[in-house]
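To be precise, the following lines are query.txt, and they hold compact mmCIF, C-alpha atoms.
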```txt
# COMPACT_ATOMS: atom_id res chain seq x y z
CA MET A 1343 -14.02 -16.05 -37.03
CA ILE A 1344 -16.13 -13.49 -35.21
CA ASN A 1345 -16.02 -15.65 -32.09
CA LYS A 1346 -12.36 -14.78 -31.63
CA LEU A 1347 -13.11 -11.09 -31.92
CA ASP A 1348 -16.03 -11.41 -29.51
CA ALA A 1349 -13.85 -13.26 -27.03
CA TYR A 1350 -11.13 -10.59 -27.35
CA LEU A 1351 -13.62 -7.75 -26.83
CA GLU A 1352 -15.18 -9.57 -23.91
CA ASP A 1353 -11.75 -9.81 -22.30
CA ILE A 1354 -11.16 -6.07 -22.76
CA GLY A 1355 -14.65 -5.35 -21.40
CA HIS A 1356 -13.87 -7.45 -18.34
CA TYR A 1357 -11.10 -5.01 -17.33
CA LEU A 1358 -13.03 -1.85 -18.18
CA ALA A 1359 -15.40 -0.09 -15.81
CA VAL A 1360 -19.05 -0.97 -16.26
CA GLY A 1361 -21.19 1.65 -18.00
CA PRO A 1362 -22.37 2.96 -21.35
CA ALA A 1363 -18.80 4.08 -22.19
CA ARG A 1364 -17.67 0.46 -22.16
CA GLU A 1365 -20.04 -0.57 -24.94
CA GLU A 1366 -18.97 2.41 -27.03
CA ILE A 1367 -15.28 1.67 -26.53
CA LEU A 1368 -15.79 -1.96 -27.52
CA SER A 1369 -17.85 -0.98 -30.59
CA GLU A 1370 -15.09 1.35 -31.75
CA ILE A 1371 -12.40 -1.31 -31.28
CA ARG A 1372 -14.57 -3.86 -33.11
CA SER A 1373 -15.09 -1.51 -36.05
CA HIS A 1374 -11.34 -0.78 -36.19
CA ILE A 1375 -10.27 -4.42 -36.06
CA LEU A 1376 -12.75 -5.53 -38.75
CA GLU A 1377 -11.74 -2.74 -41.11
CA LYS A 1378 -8.03 -3.30 -40.58
CA ALA A 1379 -8.46 -7.08 -41.06
CA GLU A 1380 -10.09 -6.43 -44.43
CA ASP A 1381 -7.06 -4.35 -45.46
CA GLU A 1382 -4.64 -7.11 -44.53
CA ARG A 1383 -3.23 -8.48 -47.76
CA PRO A 1384 -2.36 -11.17 -48.68
CA ARG A 1385 -3.85 -12.59 -45.50
CA SER A 1386 -7.60 -12.85 -45.26
CA GLY A 1387 -10.29 -14.21 -42.98
CA GLU A 1388 -9.27 -15.70 -39.68
CA ALA A 1389 -5.51 -15.29 -40.16
CA ALA A 1390 -5.90 -11.57 -40.86
CA LEU A 1391 -8.20 -11.12 -37.87
CA GLU A 1392 -5.79 -12.96 -35.59
CA LYS A 1393 -2.91 -10.74 -36.75
CA VAL A 1394 -4.85 -7.54 -36.18
CA ILE A 1395 -6.04 -8.68 -32.76
CA ALA A 1396 -2.48 -9.60 -31.76
CA GLY A 1397 -1.29 -6.18 -32.96
CA PHE A 1398 -3.92 -4.38 -30.90
CA GLY A 1399 -2.35 -5.73 -27.71
CA PRO A 1400 -3.23 -7.84 -24.68
CA PRO A 1401 -6.77 -7.08 -23.38
CA ARG A 1402 -5.63 -5.88 -19.97
CA ARG A 1403 -3.07 -3.47 -21.46
CA VAL A 1404 -5.68 -2.10 -23.86
CA ALA A 1405 -8.19 -1.59 -21.04
CA GLU A 1406 -5.57 0.05 -18.81
CA ARG A 1407 -4.89 2.70 -21.45
CA TYR A 1408 -8.51 3.78 -21.10
CA LEU A 1409 -8.27 3.76 -17.32
CA GLU A 1410 -5.11 5.92 -17.09
CA GLY A 1411 -5.58 8.84 -14.73
CA ARG A 1412 -8.50 7.13 -13.00
CA GLU A 1413 -6.71 5.60 -10.03
CA ILE A 1414 -8.81 4.39 -7.11
CA ILE A 1415 -6.21 5.94 -4.80
CA ALA A 1416 -3.99 8.67 -6.28
CA PRO A 1417 -0.24 7.94 -6.13
CA ALA A 1418 0.26 10.88 -3.74
CA TYR A 1419 -2.06 9.24 -1.20
CA GLN A 1420 -0.98 5.62 -1.62
CA ARG A 1421 1.64 5.77 1.13
CA HIS A 1422 -1.02 7.11 3.50
CA LEU A 1423 -2.84 3.79 3.13
CA PHE A 1424 -0.09 2.08 5.11
CA ARG A 1425 0.50 5.04 7.41
CA TYR A 1426 -3.06 5.47 8.57
CA THR A 1427 -3.79 1.75 8.68
CA SER A 1428 -0.81 1.21 10.97
CA ILE A 1429 -2.00 3.96 13.34
CA LEU A 1430 -5.60 2.76 13.35
CA PHE A 1431 -4.57 -0.84 13.85
CA GLY A 1432 -2.15 0.20 16.61
CA PHE A 1433 -5.07 1.75 18.54
CA HIS A 1434 -7.21 -1.29 17.72
CA PHE A 1435 -4.51 -3.56 19.11
CA ILE A 1436 -4.08 -1.58 22.31
CA PHE A 1437 -7.82 -1.31 22.96
CA THR A 1438 -8.22 -5.03 22.26
CA LEU A 1439 -5.54 -5.78 24.80
CA ILE A 1440 -7.07 -3.47 27.40
CA GLY A 1441 -10.49 -5.01 26.65
CA VAL A 1442 -9.12 -8.53 27.22
CA ILE A 1443 -7.30 -7.52 30.40
CA PHE A 1444 -10.21 -5.65 31.96
CA ASP A 1445 -12.90 -7.84 30.41
CA ARG A 1446 -14.85 -5.01 28.79
CA SER A 1447 -15.86 -3.71 25.36
CA PHE A 1448 -15.10 -0.41 23.58
CA VAL A 1449 -17.18 1.39 20.97
CA LEU A 1450 -16.11 4.51 19.10
CA PHE A 1451 -18.39 4.33 16.08
CA PRO A 1452 -17.40 3.96 13.25
CA PHE A 1453 -13.68 3.82 13.98
CA LEU A 1454 -13.52 1.22 16.69
CA PHE A 1455 -15.56 -1.62 18.08
CA VAL A 1456 -13.85 -4.01 20.43
CA PRO A 1457 -16.27 -6.54 21.91
CA ARG A 1458 -15.72 -8.31 25.21
CA MET A 1459 -13.65 -11.38 24.51
CA GLY A 1460 -11.03 -13.77 25.79
CA LEU A 1461 -7.45 -14.09 24.67
CA ILE A 1462 -8.11 -16.74 21.99
CA GLU A 1463 -11.02 -14.77 20.54
CA ALA A 1464 -8.80 -11.66 20.54
CA LEU A 1465 -6.13 -13.46 18.52
CA MET A 1466 -8.79 -14.35 15.94
CA TYR A 1467 -10.33 -10.89 16.11
CA LEU A 1468 -7.14 -8.90 15.39
CA PRO A 1469 -6.54 -10.05 11.77
CA THR A 1470 -10.18 -9.18 11.00
CA ALA A 1471 -9.69 -5.81 12.68
CA PHE A 1472 -6.60 -5.19 10.54
CA LEU A 1473 -8.52 -5.86 7.32
CA THR A 1474 -11.34 -3.60 8.50
CA ASP A 1475 -8.85 -0.81 9.26
CA LEU A 1476 -7.22 -1.24 5.85
CA GLY A 1477 -10.61 -1.12 4.12
CA PHE A 1478 -11.75 1.90 6.10
CA VAL A 1479 -8.59 3.88 5.31
CA ALA A 1480 -8.79 2.81 1.64
CA LEU A 1481 -12.38 4.08 1.48
CA ILE A 1482 -11.40 7.48 2.90
CA LEU A 1483 -8.47 7.77 0.47
CA TYR A 1484 -10.77 6.74 -2.39
CA PHE A 1485 -13.12 9.64 -1.60
CA VAL A 1486 -10.17 12.02 -1.24
CA THR A 1487 -8.87 10.90 -4.66
CA GLN A 1488 -12.26 11.18 -6.33
CA SER A 1489 -12.75 14.71 -4.97
CA LYS A 1490 -9.91 15.77 -7.36
CA LYS A 1491 -8.86 18.39 -4.83
CA ASP A 1492 -5.28 18.90 -3.64
CA ILE A 1493 -5.92 17.79 -0.10
CA LYS A 1494 -2.81 17.71 2.05
CA LEU A 1495 -3.44 14.85 4.42
CA PRO A 1496 -2.12 15.36 7.95
CA TRP A 1497 0.69 13.31 9.34
CA PRO A 1498 1.84 13.56 12.97
CA LYS A 1499 5.53 14.32 13.47
CA PHE A 1500 6.29 13.14 16.97
CA ALA A 1501 10.10 12.97 16.79
CA LEU A 1502 9.90 10.35 14.07
CA GLU A 1503 11.57 12.27 11.26
CA ALA A 1504 15.02 11.68 12.65
CA GLU A 1505 14.43 7.97 12.54
CA GLU A 1506 13.10 7.88 8.98
CA ILE A 1507 16.47 6.78 7.68
CA ARG A 1508 18.03 4.41 10.16
CA PRO A 1509 21.69 5.15 10.72
CA PRO A 1510 24.11 2.28 10.12
CA ARG A 1511 24.68 0.01 13.06
CA LYS A 1512 27.40 1.34 15.35
CA PRO A 1513 30.50 -0.88 15.68
CA GLY A 1514 29.82 -1.64 19.33
CA ALA A 1515 26.12 -2.25 18.87
CA LEU A 1516 26.54 -5.84 17.75
CA ALA A 1517 28.75 -6.61 20.74
CA ALA A 1518 26.20 -4.98 23.06
CA THR A 1519 23.39 -7.05 21.53
CA LEU A 1520 25.50 -10.18 21.93
CA ALA A 1521 26.24 -9.33 25.57
CA GLY A 1522 22.54 -8.64 26.19
CA LEU A 1523 21.62 -11.94 24.57
CA THR A 1524 24.14 -13.83 26.70
CA PHE A 1525 22.77 -12.19 29.84
CA MET A 1526 19.14 -12.89 28.87
CA LEU A 1527 19.94 -16.51 27.99
CA ALA A 1528 21.67 -16.97 31.33
CA LEU A 1529 18.76 -15.38 33.17
CA THR A 1530 16.18 -17.45 31.26
CA SER A 1531 18.14 -20.68 31.84
CA ALA A 1532 18.52 -19.91 35.53
CA ALA A 1533 14.79 -19.16 35.85
CA ILE A 1534 13.88 -22.40 34.05
CA CYS A 1535 16.26 -24.44 36.24
CA PHE A 1536 14.93 -22.78 39.40
CA TYR A 1537 11.36 -23.38 38.32
CA LEU A 1538 11.98 -27.05 37.46
CA ARG A 1539 13.58 -27.60 40.85
CA HIS A 1540 11.23 -25.63 43.09
CA GLY A 1541 8.05 -25.10 41.02
CA THR A 1542 8.34 -21.28 41.32
CA VAL A 1543 10.81 -18.43 40.75
CA PHE A 1544 9.35 -16.27 43.51
CA ILE A 1545 10.86 -16.98 46.90
CA ALA A 1546 10.57 -15.15 50.20
CA GLY A 1547 13.69 -16.76 51.67
CA LEU A 1548 14.93 -20.04 53.04
CA ALA A 1549 13.20 -22.10 55.73
CA GLY A 1550 15.19 -23.47 58.66
CA SER A 1551 16.14 -26.74 56.91
CA GLY A 1552 17.46 -24.95 53.81
CA GLU A 1553 14.19 -25.51 51.98
CA ILE A 1554 12.97 -22.49 50.01
CA LYS A 1555 10.10 -20.49 51.38
CA PRO A 1556 7.76 -19.61 48.44
CA LEU A 1557 6.55 -16.02 48.23
CA LEU A 1558 3.36 -16.87 46.35
CA THR A 1559 0.77 -19.58 46.69
CA ALA A 1560 1.52 -22.79 44.75
CA GLU A 1561 -0.86 -22.16 41.84
CA ALA A 1562 -0.08 -18.42 41.51
CA GLY A 1563 3.65 -19.11 41.86
CA ARG A 1564 3.52 -21.68 39.08
CA SER A 1565 1.56 -19.64 36.55
CA LEU A 1566 3.32 -16.32 37.24
CA SER A 1567 6.72 -18.05 37.09
CA LEU A 1568 5.85 -19.43 33.63
CA ILE A 1569 4.85 -15.94 32.49
CA VAL A 1570 8.11 -14.44 33.77
CA ILE A 1571 10.10 -17.20 32.05
CA ALA A 1572 8.14 -16.52 28.81
CA LEU A 1573 8.93 -12.79 29.12
CA LEU A 1574 12.64 -13.52 29.57
CA ALA A 1575 12.60 -16.00 26.67
CA ALA A 1576 10.81 -13.47 24.41
CA GLY A 1577 13.51 -10.92 25.22
CA ALA A 1578 16.23 -13.46 24.43
CA VAL A 1579 14.61 -14.44 21.10
CA SER A 1580 14.24 -10.77 20.16
CA LEU A 1581 17.93 -10.08 20.90
CA PHE A 1582 18.94 -13.20 18.98
CA LEU A 1583 16.99 -12.07 15.90
CA LYS A 1584 18.51 -8.60 16.18
CA LEU A 1585 21.92 -10.14 15.57
CA PHE A 1586 20.79 -10.89 12.01
CA THR A 1587 18.22 -8.24 11.15
CA ARG A 1588 17.30 -4.66 12.06
CA SER A 1589 13.72 -5.14 10.97
CA ARG A 1590 11.18 -3.32 13.11
CA TRP A 1591 8.95 -6.36 12.87
CA VAL A 1592 11.22 -7.99 15.48
CA ASP A 1593 10.38 -5.17 17.92
CA VAL A 1594 6.69 -5.36 16.97
CA GLY A 1595 6.65 -9.11 17.65
CA SER A 1596 8.53 -8.71 20.92
CA ASP A 1597 6.24 -5.87 22.10
CA ALA A 1598 3.11 -7.80 21.13
CA VAL A 1599 4.20 -10.94 23.01
CA SER A 1600 5.20 -8.85 26.04
CA LEU A 1601 1.84 -7.06 26.06
CA ILE A 1602 -0.04 -10.36 25.94
CA LEU A 1603 2.05 -11.73 28.82
CA PHE A 1604 1.62 -8.54 30.89
CA GLY A 1605 -2.08 -8.78 30.13
CA LEU A 1606 -2.14 -12.29 31.60
CA ILE A 1607 -0.41 -10.99 34.76
CA LEU A 1608 -2.87 -8.12 35.13
CA ARG A 1609 -5.83 -10.45 34.68
CA ARG A 1610 -4.86 -12.49 37.73
CA PRO A 1611 -6.83 -11.68 40.89
CA PHE A 1612 -4.45 -10.09 43.41
CA ASP A 1613 -6.20 -11.33 46.54
CA GLY A 1614 -4.85 -14.57 47.93
CA LEU A 1615 -1.66 -14.27 45.91
CA PHE A 1616 0.89 -14.38 48.72
CA ALA A 1617 1.84 -17.46 50.67
CA VAL A 1618 3.54 -15.44 53.41
CA PRO A 1619 1.58 -13.39 55.94
CA ILE A 1620 1.44 -9.69 55.05
CA SER A 1621 -0.45 -7.03 56.95
CA GLY A 1622 -3.54 -5.52 55.32
CA ARG A 1623 -2.00 -2.06 54.98
CA ALA A 1624 1.26 -3.36 53.46
CA LEU A 1625 -0.73 -5.62 51.12
CA SER A 1626 -2.75 -2.67 49.90
CA GLY A 1627 0.44 -0.66 49.27
CA ILE A 1628 2.07 -3.54 47.38
CA LYS A 1629 -1.09 -4.03 45.33
CA ILE A 1630 -1.20 -0.36 44.23
CA SER A 1631 2.54 -0.18 43.56
CA LEU A 1632 2.47 -3.36 41.47
CA ALA A 1633 -0.57 -2.26 39.48
CA ILE A 1634 0.97 1.19 38.74
CA SER A 1635 4.34 -0.34 37.78
CA LEU A 1636 2.77 -2.93 35.51
CA LEU A 1637 0.44 -0.43 33.85
CA PHE A 1638 3.39 1.91 33.28
CA ILE A 1639 5.38 -0.88 31.63
CA VAL A 1640 2.32 -1.84 29.53
CA LEU A 1641 1.87 1.77 28.46
CA MET A 1642 5.52 2.15 27.46
CA THR A 1643 5.45 -1.15 25.57
CA ALA A 1644 2.23 -0.16 23.80
CA ILE A 1645 3.73 3.19 22.78
CA ASP A 1646 6.82 1.42 21.48
CA LEU A 1647 4.61 -1.02 19.54
CA LEU A 1648 2.59 1.81 18.04
CA LYS A 1649 5.75 3.72 17.14
CA ASN A 1650 7.24 0.70 15.39
CA LEU A 1651 4.02 0.05 13.46
CA VAL A 1652 3.94 3.69 12.39
CA MET A 1653 7.57 3.53 11.26
CA ILE A 1654 6.88 0.36 9.28
CA GLY A 1655 3.90 2.10 7.70
CA ARG A 1656 6.01 5.15 6.82
CA THR A 1657 8.70 3.14 5.10
CA ALA A 1658 6.33 0.70 3.32
CA PRO A 1659 6.64 1.01 -0.47
CA ALA A 1660 3.83 2.67 -2.42
CA LEU A 1661 1.48 0.28 -4.27
CA LYS A 1662 2.65 1.60 -7.59
CA PRO A 1663 5.46 4.04 -8.28
CA PRO A 1664 4.16 7.37 -9.61
CA GLU A 1665 4.36 7.60 -13.36
CA ARG A 1666 6.94 10.03 -14.75
CA ARG A 1667 5.25 12.73 -16.73
CA THR A 1668 6.67 15.49 -18.84
CA PRO A 1669 5.05 18.88 -18.44
CA ALA A 1670 2.44 19.62 -21.08
CA MET B 718 21.70 4.43 -24.53
CA THR B 719 19.74 1.23 -25.19
CA GLU B 720 16.83 0.95 -27.59
CA THR B 721 14.49 0.33 -24.64
CA GLU B 722 15.61 3.55 -22.95
CA LEU B 723 15.19 5.47 -26.20
CA GLY B 724 11.73 3.94 -26.71
CA SER B 725 10.72 4.88 -23.18
CA LEU B 726 11.84 8.51 -23.64
CA GLU B 727 10.15 8.66 -27.03
CA THR B 728 6.90 7.50 -25.43
CA GLU B 729 7.19 10.34 -22.90
CA MET B 730 7.92 12.89 -25.63
CA ASN B 731 5.04 11.58 -27.71
CA ARG B 732 2.44 12.30 -25.02
CA GLY B 733 2.25 15.97 -25.84
CA PHE B 734 3.03 15.62 -29.53
CA LEU B 735 0.20 13.16 -30.15
CA GLN B 736 -2.31 15.55 -28.66
CA ILE B 737 -1.28 18.33 -31.05
CA LEU B 738 -1.13 15.86 -33.93
CA VAL B 739 -4.65 14.55 -33.32
CA LEU B 740 -6.10 18.02 -32.79
CA ALA B 741 -4.45 19.18 -36.01
CA LEU B 742 -5.70 16.13 -37.94
CA LEU B 743 -9.24 16.62 -36.74
CA GLU B 744 -9.62 19.98 -38.45
CA LYS B 745 -11.20 17.58 -40.92
CA ASP B 746 -13.64 14.97 -39.61
CA ARG B 747 -12.01 11.55 -39.42
CA TYR B 748 -12.45 8.20 -37.70
CA GLY B 749 -9.74 6.29 -35.84
CA TYR B 750 -8.56 3.90 -38.52
CA SER B 751 -8.49 6.61 -41.20
CA MET B 752 -6.33 8.73 -38.88
CA ILE B 753 -3.87 5.90 -38.35
CA LYS B 754 -3.57 5.32 -42.11
CA HIS B 755 -3.15 9.02 -42.77
CA ILE B 756 -0.42 9.35 -40.16
CA GLU B 757 1.33 6.25 -41.54
CA GLY B 758 1.21 7.87 -44.99
CA LEU B 759 3.15 10.79 -43.53
CA GLY B 760 5.88 8.44 -42.30
CA TYR B 761 4.88 8.33 -38.66
CA LYS B 762 3.24 5.58 -36.63
CA ILE B 763 0.70 5.75 -33.87
CA GLU B 764 -0.41 2.65 -32.00
CA GLU B 765 -4.13 2.02 -32.17
CA ASN B 766 -4.30 1.21 -28.47
CA THR B 767 -2.79 4.65 -27.87
CA LEU B 768 -4.95 6.57 -30.31
CA TYR B 769 -8.40 5.41 -29.20
CA PRO B 770 -7.93 6.12 -25.46
CA LEU B 771 -6.45 9.51 -26.43
CA LEU B 772 -9.48 10.30 -28.58
CA ARG B 773 -11.66 9.40 -25.64
CA ARG B 774 -9.77 11.72 -23.28
CA LEU B 775 -9.83 14.59 -25.75
CA GLU B 776 -13.56 14.08 -26.25
CA LYS B 777 -14.12 14.01 -22.49
CA ASN B 778 -12.25 17.32 -22.21
CA GLY B 779 -14.51 18.80 -24.85
CA TRP B 780 -11.65 19.46 -27.31
CA ILE B 781 -13.09 17.13 -29.95
CA SER B 782 -16.58 15.79 -30.51
CA GLY B 783 -17.52 12.37 -31.79
CA ARG B 784 -20.55 11.05 -33.64
CA TRP B 785 -21.41 7.59 -34.89
CA THR B 786 -22.30 7.14 -38.55
CA LEU B 787 -24.06 4.02 -39.73
CA GLY B 788 -23.33 4.49 -43.42
CA GLU B 789 -21.44 2.05 -45.64
CA ASP B 790 -20.95 -1.45 -44.28
CA ARG B 791 -20.20 -0.84 -40.60
CA PRO B 792 -20.67 1.81 -37.90
CA ARG B 793 -17.77 4.26 -37.49
CA LYS B 794 -17.16 6.97 -34.97
CA PHE B 795 -16.09 10.22 -36.64
CA TYR B 796 -14.37 12.93 -34.65
CA GLY B 797 -13.96 16.64 -35.30
CA ILE B 798 -12.23 19.45 -33.42
CA THR B 799 -14.37 21.84 -31.35
CA ALA B 800 -13.86 25.58 -30.83
CA GLU B 801 -12.38 24.85 -27.42
CA GLY B 802 -10.08 22.26 -28.99
CA ARG B 803 -8.98 24.73 -31.62
CA ALA B 804 -7.96 27.20 -28.93
CA MET B 805 -6.11 24.43 -27.12
CA LYS B 806 -4.36 23.39 -30.34
CA ALA B 807 -3.21 26.98 -30.92
CA GLY B 808 -1.80 27.13 -27.39
CA LEU B 809 -0.05 23.77 -27.70
CA LEU B 810 1.39 24.68 -31.09
CA ALA B 811 2.80 27.89 -29.65
CA VAL B 812 4.46 25.91 -26.85
CA TRP B 813 5.80 23.35 -29.32
CA LYS B 814 7.17 26.01 -31.67
CA ASN B 815 8.83 27.82 -28.79
CA GLN B 816 10.44 24.57 -27.61
CA ASN B 817 11.68 23.91 -31.15
CA ARG B 818 13.09 27.43 -31.38
CA ILE B 819 14.94 27.11 -28.07
CA LEU B 820 16.33 23.71 -29.00
CA GLY B 821 17.33 24.99 -32.44
CA GLU B 822 19.17 27.96 -30.94
CA ILE B 823 21.01 25.79 -28.46
CA GLU B 824 22.03 23.40 -31.25
CA LYS B 825 23.29 26.37 -33.29
CA GLU B 826 25.29 27.60 -30.28
CA ASN B 827 26.79 24.13 -29.84
CA GLU B 828 27.75 23.94 -33.52
CA HIS B 829 29.29 27.39 -33.30
CA ASP B 830 31.35 26.43 -30.25
CA GLN B 831 32.76 23.29 -31.88
```
Go ahead and render the structure in this file as structure tokens.
Amino acid sequence: MINKLDAYLEDIGHYLAVGPAREEILSEIRSHILEKAEDERPRSGEAALEKVIAGFGPPRRVAERYLEGREIIAPAYQRHLFRYTSILFGFHFIFTLIGVIFDRSFVLFPFLFVPRMGLIEALMYLPTAFLTDLGFVALILYFVTQSKKDIKLPWPKFALEAEEIRPPRKPGALAATLAGLTFMLALTSAAICFYLRHGTVFIAGLAGSGEIKPLLTAEAGRSLSLIVIALLAAGAVSLFLKLFTRSRWVDVGSDAVSLILFGLILRRPFDGLFAVPISGRALSGIKISLAISLLFIVLMTAIDLLKNLVMIGRTAPALKPPERRTPA
Amino acid sequence: MTETELGSLETEMNRGFLQILVLALLEKDRYGYSMIKHIEGLGYKIEENTLYPLLRRLEKNGWISGRWTLGEDRPRKFYGITAEGRAMKAGLLAVWKNQNRILGEIEKENEHDQ
């Protein structure tokens, strides 16, 4: 008979915080249940005990009553968990990408550590980085909650407020997306056809016999053509998905893929890229112009990625809706 | 209004009421089960899994104090109101009476208008 009571109390104890208070709580519940079971007429013994235990409530519910008002993260700060994690992870992502492109590591203890790694390692590293960011932000919010002070956590407002509530899609927007998709599909198909026929999409012109004159060396032309085709395809897929959803995750995915592909372009050595003769001075100018253009595009894409992650974080639901309370 | 909605609102209303009720009851030393029986005798019901956590919170706030007694056949934790709790009870009762007065006056006004 007592075994059932012990098992019930053990279950409640499992959900309670460890400490001397737990033993006292359990002793008080035990005393209550035994006394009430004795008063149960006409039931007696095990049947009475079972009835009283059932009436006391499920162990987790009972334990939660004792834990009310002792949240790990206060409801007012719960949305910051997603906000700050998205910002931190956005920086983590960008630094990881830069680290992969330029083959170097970054340390900003204890916020950031990006070791030197290749693309595959980076893809395995990022989920771990996300969990670390989430844990780090949760720890900060835990300390803020436990301080019991009314701390107003900062939140940057860089022209994001206006986008908080997304306006309904304009009537012409769907047609524009469809037109963009058609154009991107045509461009991607043309690039694929051109590549399959000539092994490159970069041409300097036509040779005397009508043969194409490749702009880049065979190997560079092949790999860079594949990257360009992948970029066009990613754009087409993104536009296709936007026909059905307005989720920011589509933009995040598209930005992330684009950044990886731009990273692959930037990693390529520039020297020995061209198959056509170019003077040293012109080559130097082209090299600088290309690098600046690509870095500018990467920067804009990274900002867009960060902005979308922040917006997703802002609109993410709180872990638990705040409890309605009447004023005392 | 459904019974669930009514129950939910009653739970919210009870939060404050139960605190006054327990503080008032503990002018005399009592333990949890004896309080539940006493309240039931007055035609009201308080869930045990509501009462014990409430007693714990009130004790933590210093409004009641608890002590274990090992007499009779089993240990029991008796609670009694403290001076601080008595002051709190007086304040809460004043609020409650004022709320009752306001509500009563509004009800009278409504009856008069009809």
Identify, on the basis of all atoms listed in the file, every residue whose closest approach to range 793-799 of chain B does not exceed 6 Å; exclude the query and any residue fewer than 6 positions from it along the same chain; express the result as a compact mmCIF listing (two decimals) with C-alpha atoms, in the coordinates of the input.
```
# COMPACT_ATOMS: atom_id res chain seq x y z
CA LEU B 743 -9.24 16.62 -36.74
CA GLU B 744 -9.62 19.98 -38.45
CA ASP B 746 -13.64 14.97 -39.61
CA ARG B 747 -12.01 11.55 -39.42
CA TYR B 748 -12.45 8.20 -37.70
CA TRP B 780 -11.65 19.46 -27.31
CA ILE B 781 -13.09 17.13 -29.95
CA SER B 782 -16.58 15.79 -30.51
CA GLY B 783 -17.52 12.37 -31.79
CA ARG B 784 -20.55 11.05 -33.64
CA TRP B 785 -21.41 7.59 -34.89
CA THR B 786 -22.30 7.14 -38.55
```
Checklist entry - Once you count only C-alpha atoms, which residues of chain B turn out to be within 10 Å of chain A? Could you give them as an NGL selection string? => result :B and (726 or 729-734 or 736 or 748-751 or 754 or 764-774 or 785 or 790-794 or 809 or 812-813)
Item to check | Val1449 in chain A environment, 12 Å, all atoms listed in the file, sequence neighbours closer than 3 positions dropped, as a PyMOL selection string | outcome: chain A and resi 1434+1437-1438+1441+1446+1452-1458
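Atom pair CA of Leu1574 in chain A / CA of Ala1533 in chain A: separated by 8.7 Å.
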Checklist outcome for this item: CA of Leu1527 in chain A sits from CA of Phe1638 in chain A at a separation of 25.3 Å
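We find CA of Lys1629 in chain A and CA of Ile1569 in chain A to be spaced 18.5 Å apart.
The closest residue to Asp1492 in chain A, picked from A:Ala1418, A:Ala1515, A:Ala1471, A:Leu1347 and counting all atoms listed in the file, is A:Ala1418.
Using all atoms listed in the file, the shortest contact distance between Leu1358 in chain A and any of A:Met1466, A:Glu1392, A:Arg1412, A:Glu1382 is found at A:Arg1412.
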